[in-house]
There are 2 protein chains.
Amino acid sequence: MFMRAQFLAGGLAALAFIGAGLAAAPAADTNTVEQWGLYEIALNGPTNGNPFVDVRLSAVFDDGGQRVEAPGFYDGGGVYRIRFMPDTPGCWQYETRANRWELAGKTGAFTATPPGPGNHGPVRVHNTYHFAYADGTPYVCIGTTIYNWLDTPESLQEETLRTLAAAPFNKARMLLTQQPAAYRKNFPPPLWPFAGTPPHDWDLTRFNPDYFRHYEQRLAQLRDLGIEADLILFNPYGKWGFEAMDPAGDERYVRYVVARFGAYRNVWWSLANEYDFLRTKTEADWDRLGALLQQCDPYAHLRSIHNGNLLYNHNQPWVTHASIQNGLAVESPASAELYRDVYRKPVVYDEVKYEGDGKYRWADLSGPEMVHRFWCGAIGGTYVGHGDYFTTMAEDTWTSFGGTMKGESTPRLAFLRKILAAGPAEGLDPIDKWNDPDTAGQAGRYYLTYFGRAQPTNWVFQLYKRDVVAGRRFQVEVIDTWNMTITPVATEFVTKKKDGYCFVDVQGRSVSLPGKPGMALRITAMGAATSPASSP
Amino acid sequence: MFMRAQFLAGGLAALAFIGAGLAAAPAADTNTVEQWGLYEIALNGPTNGNPFVDVRLSAVFDDGGQRVEAPGFYDGGGVYRIRFMPDTPGCWQYETRANRWELAGKTGAFTATPPGPGNHGPVRVHNTYHFAYADGTPYVCIGTTIYNWLDTPESLQEETLRTLAAAPFNKARMLLTQQPAAYRKNFPPPLWPFAGTPPHDWDLTRFNPDYFRHYEQRLAQLRDLGIEADLILFNPYGKWGFEAMDPAGDERYVRYVVARFGAYRNVWWSLANEYDFLRTKTEADWDRLGALLQQCDPYAHLRSIHNGNLLYNHNQPWVTHASIQNGLAVESPASAELYRDVYRKPVVYDEVKYEGDGKYRWADLSGPEMVHRFWCGAIGGTYVGHGDYFTTMAEDTWTSFGGTMKGESTPRLAFLRKILAAGPAEGLDPIDKWNDPDTAGQAGRYYLTYFGRAQPTNWVFQLYKRDVVAGRRFQVEVIDTWNMTITPVATEFVTKKKDGYCFVDVQGRSVSLPGKPGMALRITAMGAATSPASSP
């Protein structure tokens, strides 16, 4: 990804052109940016008063087909910026709007070029319960949690990036404002989001641009690693003052974050972590702030809110997908599936307890238990989030501060991701949800059956009737979710009607299984469009 | 229950006084009705035009503290009625309103007397997830389904009432408009809700008062048996014409039903059965009709809507409790509980498959499986509905047409009802929902643990810490949910802190169990307010 700046016609005091992509891009002279890349206008403007509060700035971008108004923001030092992520290729013109003459009425144009390799655009909801990039590429969500990784020494942040580069995770949950932790006694946050000094000597009407610039660097690095940044705007953990701003302060904060980060295509908005634990906000506050996120983000990034004990009403229109903390719900595909019916949106179990060494009940999963929950979620047609909470010093864990992971689940999640990525582009949906909850796929073409903790030694070939006809040939593979093997069954199966509900094999054949937990089957129609991946 | 009529002051053309209670009441001269009884005003009025459409009638009732406007209705033959259910004792005055002079401005008064035995008022939501009668008496919902029982020969209806009198069910789901069935070839419905003749020669602008009068008789009989009538206003099964009325027709129908039935305290409104299967209505129609139910019922009877495949948005304000079809959700307490968190309302699994002889997949539960689902629902803090679908002639089953039940679950549901009725008045709530989903109750006082299909031979005494202190004495009883026995454990248990989460017995004692499925434990604090019931 790269972006290209341009000189505007008209007597601007200053117009800066910033190449924001950290992945080096050729310094071409043409005024272009990739589709779904980040185009930026920089303007010099007033420094008097409080620019964060006093100045309103935006630009209307127009490609002849659509008009998009992108918000601007004050970046300190008299510099104002407007960022824009074009979602179609071609020529875009713009004109700025502002409540200050020196920032208003600036015009210009640039060309959005076709996306480069690895740039599939932002992730969108796809097929009701699933996700895909804007270019249609399926997005199989395998998330992890690294709440405070940006508040650590730079060397640890770099280590975190290296760990992520080698891991299967394509989403990371991370806080925007700090969480207190024992670890911070040795490593206080190098930067804070607001002007002033901790713990309470803040000017909450002024942001700290350095903090956000650093965050943006990391957002771009995650983007270049193919990782969606699930940004948590509010959290209940600290008593720094951020969490107790008045509605005007909250709105200013949301608008500032959206104006700065919204043009990064890999951004998701998670309005809060454990929203109901934040006693300084009411549910009506979350409704209002969620609607604000929806209204002020011109790119419609994915939006969610994550619960403590009390589920939010994810039927609210501003919520694009249900972000749920509930480990028990992914103890079986049957229960994982239940929330899909409620919300008719993708369900992401963003917290299902963490793999960890058992100091806390919410961080005591074994590797096999974590992997089991991911599989249950997947077969339930939902998505699960990972956490790794092996304490190496006081509260210093992957999930709190990044670094390295200690758990055993990660390679198995990579294996699961490969299987899901090789599955149907529509995602996994229940085939016969009230009768065979352990099977998901796309009827007639692709089935994934997960036996969970059961330890069968045999499986009689049988498929629910939907989209199945007699005489259809199927291949079956036996999957060991822990040992990461995929073993094709030599026999080919041919369907025959059994009764009013099911088809079986014409010769009544079955599949031998090893009688241990964590086994699955992949059943694919021979010659179907979705071909299974080979064993990794 | 009885009601008392009165002569109004003023020159009325006619004012009839009807004793509607079928349970014989003394014919006292005083103008009184029980609190939560049914008071009725009858007036003669116009017969020209179409009174069902042309005439609007109501009365405002005032006891000096509150004013309630109760809708009236046309009962045919020139007679108009206004029914009223007073919810407080004392003197009530009223005045009628109408768009016809001969019906408007009639005034009168009556006295609401304290409720008689067995009259606890209508059922309300209680403690967020549960129900209680208006007088505070807990209502433990154990429902059954008898869709078309009022369309059968009178002798069969009487048999149905006798069956209900001996059964544990205190709620019955029943249709208001007919469902086609093979059974009807021999036994066509004796009455239809609209004027005209089946299948299509209707005047849907005119109701058939005889149909509703008969229905009311049966409502009163159910009331006197302590059974709530969960009235289903719309269903997707027939193509009689009722299901394809325009919005004005639907509204007229809803208002007529509410005006006639609303003063029966044992009425619940189930807007539709399998609402999403009715292709002549959109979801917006249901939203509108649900809001209409809420608006036009002065008594705020319980309101719900029941799904086929697609869950309704039970977060809608008009919905008082989630009525859900999903048998799989009650396969474990852990999954049963999930919908509570979503809706923050009582969850009633009104259809979980029926106990039956297996002709259909939705009616193939064994007796133990039906009982298991009731227990899972109860421990999940929810309620489950029963059905009995043993085919004795074409489609003639308890659940379709009443009569007698053939299944084995009913006595076990009576046993469960007794246990729940003897439990905490607040109802059963999860104690430690993400870690011990098989235990519900009220922390510190009362616990019910259900082992489901597990077959433990031993249970080590352990309680989650909430509201438990060291040195507290507990009694444990072993419950066999199928054989309906409650066996006290001779040992008394005394709490001792185990770790940061749990208490165990000071001597580490445990409870022996018989190693078979369907076992439960009742654990009660010695001397607690809620004392366990003795074995029935």
# chains A, B, ... in the order shown; residues from 1 in each chain; ligands from 1
>>> select_by_dssp(residues="segment 346-498 of chain A", states="helix (DSSP H, G or I)", output="ChimeraX atom specification")
/A:361-363,367-379,398-401,409-421
>>> interface_residues(of="chain B", to="chain A", cutoff="8 Å", atoms="only C-alpha atoms", output="PyMOL selection string")
chain B and resi 310-313+315+326-329+334-335+338-339+341-343+434-435
>>> atom_distance(atom1="atom CA of Pro430 of chain A", atom2="atom CA of Tyr383 of chain A")
13.6 Å
>>> residues_around(residues="segment 156-158 of chain B", least_positions_apart="3", cutoff="6 Å", atoms="only C-alpha atoms", output="list in words")
Pro153, Leu161 and Gly403 of chain B
>>> write_last_selection(atoms="all heavy atoms", output="PDB file, in the first residue's frame")
ATOM      1  N   PRO B 153     -65.710 -32.067  18.561  1.00  0.00           N
ATOM      2  CA  PRO B 153     -67.042 -32.292  19.149  1.00  0.00           C
ATOM      3  C   PRO B 153     -67.033 -31.956  20.641  1.00  0.00           C
ATOM      4  O   PRO B 153     -66.026 -32.150  21.326  1.00  0.00           O
ATOM      5  CB  PRO B 153     -67.276 -33.793  18.912  1.00  0.00           C
ATOM      6  CG  PRO B 153     -66.435 -34.127  17.714  1.00  0.00           C
ATOM      7  CD  PRO B 153     -65.228 -33.241  17.830  1.00  0.00           C
ATOM      8  N   LEU B 161     -60.859 -31.248  28.909  1.00  0.00           N
ATOM      9  CA  LEU B 161     -60.883 -30.537  30.197  1.00  0.00           C
ATOM     10  C   LEU B 161     -60.637 -31.509  31.355  1.00  0.00           C
ATOM     11  O   LEU B 161     -59.935 -31.175  32.317  1.00  0.00           O
ATOM     12  CB  LEU B 161     -62.225 -29.818  30.372  1.00  0.00           C
ATOM     13  CG  LEU B 161     -62.385 -28.556  29.510  1.00  0.00           C
ATOM     14  CD1 LEU B 161     -63.843 -28.086  29.512  1.00  0.00           C
ATOM     15  CD2 LEU B 161     -61.464 -27.444  30.003  1.00  0.00           C
ATOM     16  N   GLY B 403     -58.104 -34.364  23.960  1.00  0.00           N
ATOM     17  CA  GLY B 403     -58.543 -35.718  24.300  1.00  0.00           C
ATOM     18  C   GLY B 403     -57.739 -36.245  25.463  1.00  0.00           C
ATOM     19  O   GLY B 403     -57.760 -35.665  26.548  1.00  0.00           O
TER      20      GLY B 403
END
>>> residues_around(residues="Val68 of chain A", least_positions_apart="2", cutoff="10 Å", atoms="only C-alpha atoms", output="PyMOL selection string")
chain A and resi 59-63+66+70-71+84-86+94+298-299
>>> atom_distance(atom1="atom CA of Cys141 of chain A", atom2="atom CA of Asp224 of chain A")
16.5 Å
>>> closest_residue(among="B:Glu228, B:Glu283, B:Asp438, B:Asp297", to="Val267 of chain B", atoms="only C-alpha atoms")
B:Glu228
>>> residues_around(residues="Gln455 of chain A", least_positions_apart="2", cutoff="12 Å", atoms="only C-alpha atoms", output="PDB file with N, CA and C atoms, in the first residue's frame")
ATOM      1  N   TYR A 450     -17.776 -32.412  13.219  1.00  0.00           N
ATOM      2  CA  TYR A 450     -16.813 -32.396  14.318  1.00  0.00           C
ATOM      3  C   TYR A 450     -17.387 -33.206  15.482  1.00  0.00           C
ATOM      4  N   PHE A 451     -16.633 -34.187  15.947  1.00  0.00           N
ATOM      5  CA  PHE A 451     -17.136 -35.072  16.998  1.00  0.00           C
ATOM      6  C   PHE A 451     -16.820 -34.567  18.402  1.00  0.00           C
ATOM      7  N   GLY A 452     -16.051 -33.510  18.517  1.00  0.00           N
ATOM      8  CA  GLY A 452     -15.794 -32.902  19.824  1.00  0.00           C
ATOM      9  C   GLY A 452     -15.170 -33.868  20.815  1.00  0.00           C
ATOM     10  N   ARG A 453     -15.761 -33.970  21.987  1.00  0.00           N
ATOM     11  CA  ARG A 453     -15.216 -34.822  23.044  1.00  0.00           C
ATOM     12  C   ARG A 453     -15.641 -36.279  22.886  1.00  0.00           C
ATOM     13  N   THR A 457     -15.627 -44.727  17.094  1.00  0.00           N
ATOM     14  CA  THR A 457     -14.712 -45.609  16.360  1.00  0.00           C
ATOM     15  C   THR A 457     -15.221 -45.849  14.942  1.00  0.00           C
ATOM     16  N   ASN A 458     -16.383 -45.318  14.649  1.00  0.00           N
ATOM     17  CA  ASN A 458     -16.993 -45.588  13.356  1.00  0.00           C
ATOM     18  C   ASN A 458     -18.023 -44.508  13.065  1.00  0.00           C
ATOM     19  N   TRP A 459     -18.142 -44.156  11.791  1.00  0.00           N
ATOM     20  CA  TRP A 459     -19.189 -43.223  11.379  1.00  0.00           C
ATOM     21  C   TRP A 459     -19.846 -43.767  10.124  1.00  0.00           C
ATOM     22  N   ASP A 480      -7.685 -35.038  12.152  1.00  0.00           N
ATOM     23  CA  ASP A 480      -7.279 -35.033  13.561  1.00  0.00           C
ATOM     24  C   ASP A 480      -6.951 -33.583  13.914  1.00  0.00           C
ATOM     25  N   SER A 512     -14.016 -45.672   9.447  1.00  0.00           N
ATOM     26  CA  SER A 512     -13.385 -46.037  10.718  1.00  0.00           C
ATOM     27  C   SER A 512     -12.746 -44.817  11.358  1.00  0.00           C
ATOM     28  N   LEU A 513     -12.917 -44.723  12.659  1.00  0.00           N
ATOM     29  CA  LEU A 513     -12.346 -43.586  13.392  1.00  0.00           C
ATOM     30  C   LEU A 513     -11.525 -44.117  14.558  1.00  0.00           C
ATOM     31  N   PRO A 514     -10.559 -43.316  15.030  1.00  0.00           N
ATOM     32  CA  PRO A 514      -9.590 -43.840  15.990  1.00  0.00           C
ATOM     33  C   PRO A 514     -10.055 -43.877  17.447  1.00  0.00           C
ATOM     34  N   GLY A 515     -11.301 -43.508  17.722  1.00  0.00           N
ATOM     35  CA  GLY A 515     -11.772 -43.605  19.100  1.00  0.00           C
ATOM     36  C   GLY A 515     -11.081 -42.666  20.063  1.00  0.00           C
ATOM     37  N   LYS A 516     -10.793 -41.472  19.581  1.00  0.00           N
ATOM     38  CA  LYS A 516     -10.228 -40.466  20.495  1.00  0.00           C
ATOM     39  C   LYS A 516     -10.903 -39.120  20.239  1.00  0.00           C
ATOM     40  N   PRO A 517     -10.783 -38.195  21.176  1.00  0.00           N
ATOM     41  CA  PRO A 517     -11.497 -36.913  21.005  1.00  0.00           C
ATOM     42  C   PRO A 517     -10.831 -36.016  19.967  1.00  0.00           C
ATOM     43  N   GLY A 518     -11.577 -35.029  19.522  1.00  0.00           N
ATOM     44  CA  GLY A 518     -11.016 -34.012  18.636  1.00  0.00           C
ATOM     45  C   GLY A 518     -10.928 -34.449  17.190  1.00  0.00           C
ATOM     46  N   MET A 519     -11.741 -35.402  16.787  1.00  0.00           N
ATOM     47  CA  MET A 519     -11.720 -35.863  15.398  1.00  0.00           C
ATOM     48  C   MET A 519     -12.826 -35.167  14.600  1.00  0.00           C
ATOM     49  N   ALA A 520     -12.577 -35.056  13.315  1.00  0.00           N
ATOM     50  CA  ALA A 520     -13.560 -34.426  12.434  1.00  0.00           C
ATOM     51  C   ALA A 520     -13.550 -35.140  11.087  1.00  0.00           C
TER      52      ALA A 520
END
